[in-house]
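Read through the structure below, which is laid out as structure tokens, and then see the notes.
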There are 2 protein chains.
Amino acid sequence: MTFERLRGFRDLFPEDAEPKFYVLRKAQEVAASFGFRHIDMPSLESLDLYRLKSGEELVSQTFSFVDKGGREVTMIPEATPSVVRMLTSRKDLPRPVKWFSLPKIWRYEEPQSGRVREHIQFNADIFGPDSMEADAEIMGLAASILDSVGLEGKYNLRINDRKLMESILSALGSSDPLWLFPVIDKFRKITREEFRNQLAAAGLPSESVTRLAGLMERGLAGKDLLKSIREVVDVDTSLKGIIGRVAGTLELLETYTRSRAYIDFSVVRGLSYYTGIVFEAFDSKGEYRSIFGGGRYNNLSGLMSDQRIPAVGFGMGDVVIELLMKREGLWSVPGRPIGFYVCVASAEVGKEALNISGKLRRAGFNVSTDLSRKGLSSQLKNASSSGAEFAVIVGRNEVDTGKLTVRNLRSGSQEMKTVDELVSGGHQQKD
Amino acid sequence: MTFERLRGFRDLFPEDAEPKFYVLRKAQEVAASFGFRHIDMPSLESLDLYRLKSGEELVSQTFSFVDKGGREVTMIPEATPSVVRMLTSRKDLPRPVKWFSLPKIWRYEEPQSGRVREHIQFNADIFGPDSMEADAEIMGLAASILDSVGLEGKYNLRINDRKLMESILSALGSSDPLWLFPVIDKFRKITREEFRNQLAAAGLPSESVTRLAGLMERGLAGKDLLKSIREVVDVDTSLKGIIGRVAGTLELLETYTRSRAYIDFSVVRGLSYYTGIVFEAFDSKGEYRSIFGGGRYNNLSGLMSDQRIPAVGFGMGDVVIELLMKREGLWSVPGRPIGFYVCVASAEVGKEALNISGKLRRAGFNVSTDLSRKGLSSQLKNASSSGAEFAVIVGRNEVDTGKLTVRNLRSGSQEMKTVDELVSGGHQQKD
């Protein structure tokens with residue numbers, strides 16, 4: 001018999017679960033404030049749905065199996081194909097469709113720092129408009145979520161455009177730029193020497209490799225972007241449209257966040273279905289994997305249906321944000337109501353004690369009632385270890401006089417208060 | 001290629017997802033107000049963990065498979081074994097441990113009304129105390145959750161005690177009372193004749209069957225419970241302890257809810273590991289399956305570890321509560337912030353429009369900004385179909401004067417307001 005949890009899976013105890021679900025709740029609130037609507041998809045889908053989009057490499061990393069009905073199914077390794085399936089199944093929805101979801105997703109990969117086999121991913125997408133406004137909004141939403149939990153300024157947003165990058169690689173002499181993307185994607189994970197060697201092996205002239213690496217090392221502003229590119233490579237003026245859009249997106253993004261955002265030509269994203277802007281956020285110190293990532297994918301709906309619906313979206317996993325918030329000392333739940341622990345000095349007043357607990361709860365406090373039927377000193381020990389701020393002692397005398405003994409469990413000080421006094425203040429919400 | 005969702009699984013679009021997650025959020029808030037802490041467990045566990053507790057019948061209904069590492073695993077068909085695994089892995093936790101969780105769970109069963117292959121289950125458990133106070137609190141929590149979403153009085157809470165039921169069946173002449181529980185469990189699902197036949201076939205004397213059915217048809221109060229039982233069968237006075245506890249639990253439960261609660265001897269619960277009180281809630285009209293169910297299970301931790309930790313808990317699925325709330329006209333999200341739709345009359349003021357959206361958002365409103373770059377009349381159509389209450393029109397003139405055109409999308413009336421006027425009131429939160 002195996003009673004260990006599976007490798008790569010996590011038990012979330014309250015000390016981690018509560019900050020985690022607080023962050024996810026903030027993400028939902030921020031998304032709702034942007035007019036995004038909440039959806040949810042099945043955790044299990046036909047494997048074909050994921051084969052189509054994600055390719056065999058991702059399929060080899062799925063928890064997939066044949067179910068009792070003979071269907072080839074998979075625990076979803078990402079949300080996007082399911083979201084697009086849902087979208088294309090509904091032709092009645094007014095555009096834009098702006099949806100968010102918080103599924104668990106699963107990948108059979110080797111667990112390591114920042115990577116587990118099951119995680120919760122916050123997803124959001126805008127379907128309909130193909131505009132810089134939509135591109136800026138989806139990144140603005142992702143940034144606003146981080147900012148809402150105190151991370152403003154503690155991360156950078158790196159932006160690129162797949163079409164722009166293709167043109168640059170073409171201008172540098174590549175006959176098949178898409179072939180180079182997997183190497184580009186590794187820029188910050190391998191040494192410069194490995195990078196040069198791999199690009200050369202993929203057919204890029206060595207002089208071009210040097211110029212490309214020079215361009216990729218810099219974080220570029222939207223302003224004078226064409227000029228910056230042209231200092232390195234002589235791209236076509238037909239790129240003005242794309243460059244203007246990327247620069248315009250960066251400018252609009254300033255209205256959403258004060259965190260740093262810049263063009264970074266090393267960002268191309270692994271998945272093959274992106275068609276325009278792509279982006280990733282990293283902690284400013286560069287310690288962790290990306291906090292979130294996404295981009296524009298205008299062709300996926302057309303592959304899955306007879307509708308072509310422009311789309312831009314992102315996914316934010318729960319693992320890296322936890323590492324970052326812990327490092328920054330932000331891993332806690334602010335605004336939690338203060339806690340009372342109600343001690344029952346004798347069983348005969350048990351019902352009265354419960355009524356007092358109920359009144360305090362309805363007033364917005366978190367209230368535990370002692371359930372042990374043990375002596376008062378044992379109950380006060382329970383009160384201390386419960387994490388509550390105050391113990392309230394209810395005995396015969398307290399019930400008769402209406403005055404409860406209220407002990408501050410931090411300072412040890414005691415005072416007598418009526419329930420109404422407790423309810424109407426004196427005990428403020430803590431921060 | 002299959003792009004249909006799998007049989008028995010659900011796509012949750014906003015119209016259902018939002019009320020559903022509202023109910024689950026209320027459940028979390030109520031649980032927190034009772035001093036319960038949030039946890040989360042893996043969706044995938046060793047099949048052995050579930051074999052142990054749930055038996056082969058449940059295992060035959062799991063989505064289980066052999067993973068790429070050769071492990072026999074299952075998508076969890078319920079939460080309790082995982083929760084107990086987590087509990088017994090931590091010996092440092094002060095008792096009582098009061099935990100809740102909201103996992104998805106999966107069962108490979110034939111889909112039908114109120115039953116799907118994947119659902120979200122709200123779970124809560126109290127580990128440590130074996131007391132009527134704990135029994136009442138767990139039921140009180142479940143009831144308070146229903147009451148918090150407007151269902152007070154619209155359901156009944158039916159309570160039994162497994163040990164009491166065993167004693168009654170023994171007194172009625174059964175040599176192996178546990179053998180009868182599966183039949184007892186079917187009392188309200190089969191005809192009386194089938195019930196009698198099955199009990200007789202299981203060896204209960206026919207005169208006893210008549211007496212038992214008479215007892216089971218009645219909803220009994222805690223008061224005079226022993227007397228009520230003795231009118232039908234001559235049970236031992238040693239049952240006084242159990243009967244006193246059940247009656248006492250019912251009395252304490254009154255402090256939590258005004259919904260009807262009573263003793264119902266037909267409630268025994270299917271799962272074999274309950275050791276004391278068992279309970280189920282049904283809608284008052286008796287249309288649906290149980291809304292929630294649970295009970296005391298003091299032996300499971302001892303089966304899984306060297307610790308014996310008394311436990312009482314319940315699970316509440318998301319399916320029946322949705323059916324019931326829809327029937328009662330309660331399936332909506334109260335207290336949602338009012339919505340603004342910001343129309344951008346010309347692209348040159350796009351950035352100013354986004355700044356206005358941001359200000360309104362920070363003031364607590366839900367704000368969509370038009371992303372279409374189309375003409376104003378097209379944008380106003382988008383505004384109407386977005387569900388927002390107000391459209392705000394931002395053009396050159398509005399930016400220069402600081403006065404925005406604000407159109408009430410319900411009434412069509414328009415007025416000019418500054419952002420500060422919008423922020424500081426006049427637009428109250430809707431109910």
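Labels used: A, B, ... for chains in the order of the structure tokens, numbers from 1 for residues in each chain, and numbers from 1 for ligands as shown.
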If we count only C-alpha atoms and set the cut-off at 9 Å, which residues sit around Ile138 of chain B, ignoring sequence neighbours fewer than 5 positions away in its own chain? Please answer as a list of chain:residue names.
B:Ala124, B:Asp125, B:Ile126, B:Glu133, B:Ala143, B:Gly294, B:Gly295, B:Val312, B:Gly313, B:Phe314
Suppose we keep C-alpha atoms; can you now write the selection as a compact mmCIF listing (two decimals), in the first residue's frame?
# COMPACT_ATOMS: atom_id res chain seq x y z
CA ALA B 124 -14.70 20.16 5.50
CA ASP B 125 -13.48 18.07 8.41
CA ILE B 126 -12.77 18.42 12.12
CA GLU B 133 -20.04 19.87 19.85
CA ALA B 143 -26.11 24.38 6.98
CA GLY B 294 -21.16 13.26 5.83
CA GLY B 295 -20.55 11.78 9.21
CA VAL B 312 -16.12 14.18 11.40
CA GLY B 313 -16.68 15.77 8.01
CA PHE B 314 -18.92 16.37 5.04
Identify every residue of chain A that has at least one atom within 7 Å of any atom of chain B, counting only C-alpha atoms, and report the result as a PyMOL selection string.
chain A and resi 1-3+5-6+9-14+17-18+32-35+37-42+45-46+48-49+63+65+67+85-86+94+129+131+133-134+252+255+351+354-355+361+365-368+371-372+385
Which of segment 201-411 of chain A fall in alpha helix (DSSP H), as a ChimeraX atom specification:
/A:201,206-217,225-230,240-253,300-304,318-327,350-362,376-386,396-401
Would you pick out the contacts of segment 166-172 of chain B at 9 Å or less, using only C-alpha atoms, so that residues sharing its chain but fewer than 3 positions from it are not included, and give the list as an MDAnalysis selection string?
chainID B and resid 161:163 175:178 180:181 204:205 207:209 211:212 229 233:236 239
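When the distance limit is 12 Å and only C-alpha atoms are what count, the residues near Phe195 of chain A, minus those fewer than 2 positions from it on the same chain, are Leu180, Phe181, Pro182, Val183, Ile184, Asp185, Lys186, Phe187, Arg188, Lys189, Ile190, Thr191, Arg192, Glu193, Asn197, Gln198, Leu199, Ala200, Ala201, Ala202, Leu204, Ser206, Val209, Thr210, Leu212, Ala213, Met216 and Ser266 of chain A.
Shortest separation to Thr405 of chain A among A:Leu225, A:Ala383, A:Val342, A:Ala281 occurs at residue A:Val342, atoms counted being only C-alpha atoms.
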If we count only C-alpha atoms and set the cut-off at 9 Å, which residues sit around Arg410 of chain A, ignoring sequence neighbours fewer than 3 positions away in its own chain? Please answer as a ChimeraX atom specification.
/A:384,389-390,407,413
Quick check for you: according to DSSP on this backbone, which residues of segment 259-423 of chain B are classed as strand (DSSP E)? Reply as a PyMOL selection string.
chain B and resi 260-263+277-283+292-296+311-317+339-344+366-369+390-394+404-408+414-417
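Interatomic distance, atom CA of Arg296 of chain A to atom CA of Pro77 of chain A: 19.2 Å.
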How far is it from atom CA of Ser284 of chain B to atom CA of Asp224 of chain B, in Å with one decimal?
24.3 Å
Write out as a list of chain:residue names which residues come within 8 Å of Gly375 of chain B when counting only C-alpha atoms, dropping same-chain ones fewer than 3 positions away.
B:Ala345, B:Ser378, B:Gln379
Might you pull out every residue within 7 Å of segment 399-403 of chain A, with only C-alpha atoms counted and same-chain residues fewer than 6 positions away left off, and present them as a PyMOL selection string?
chain A and resi 416-418
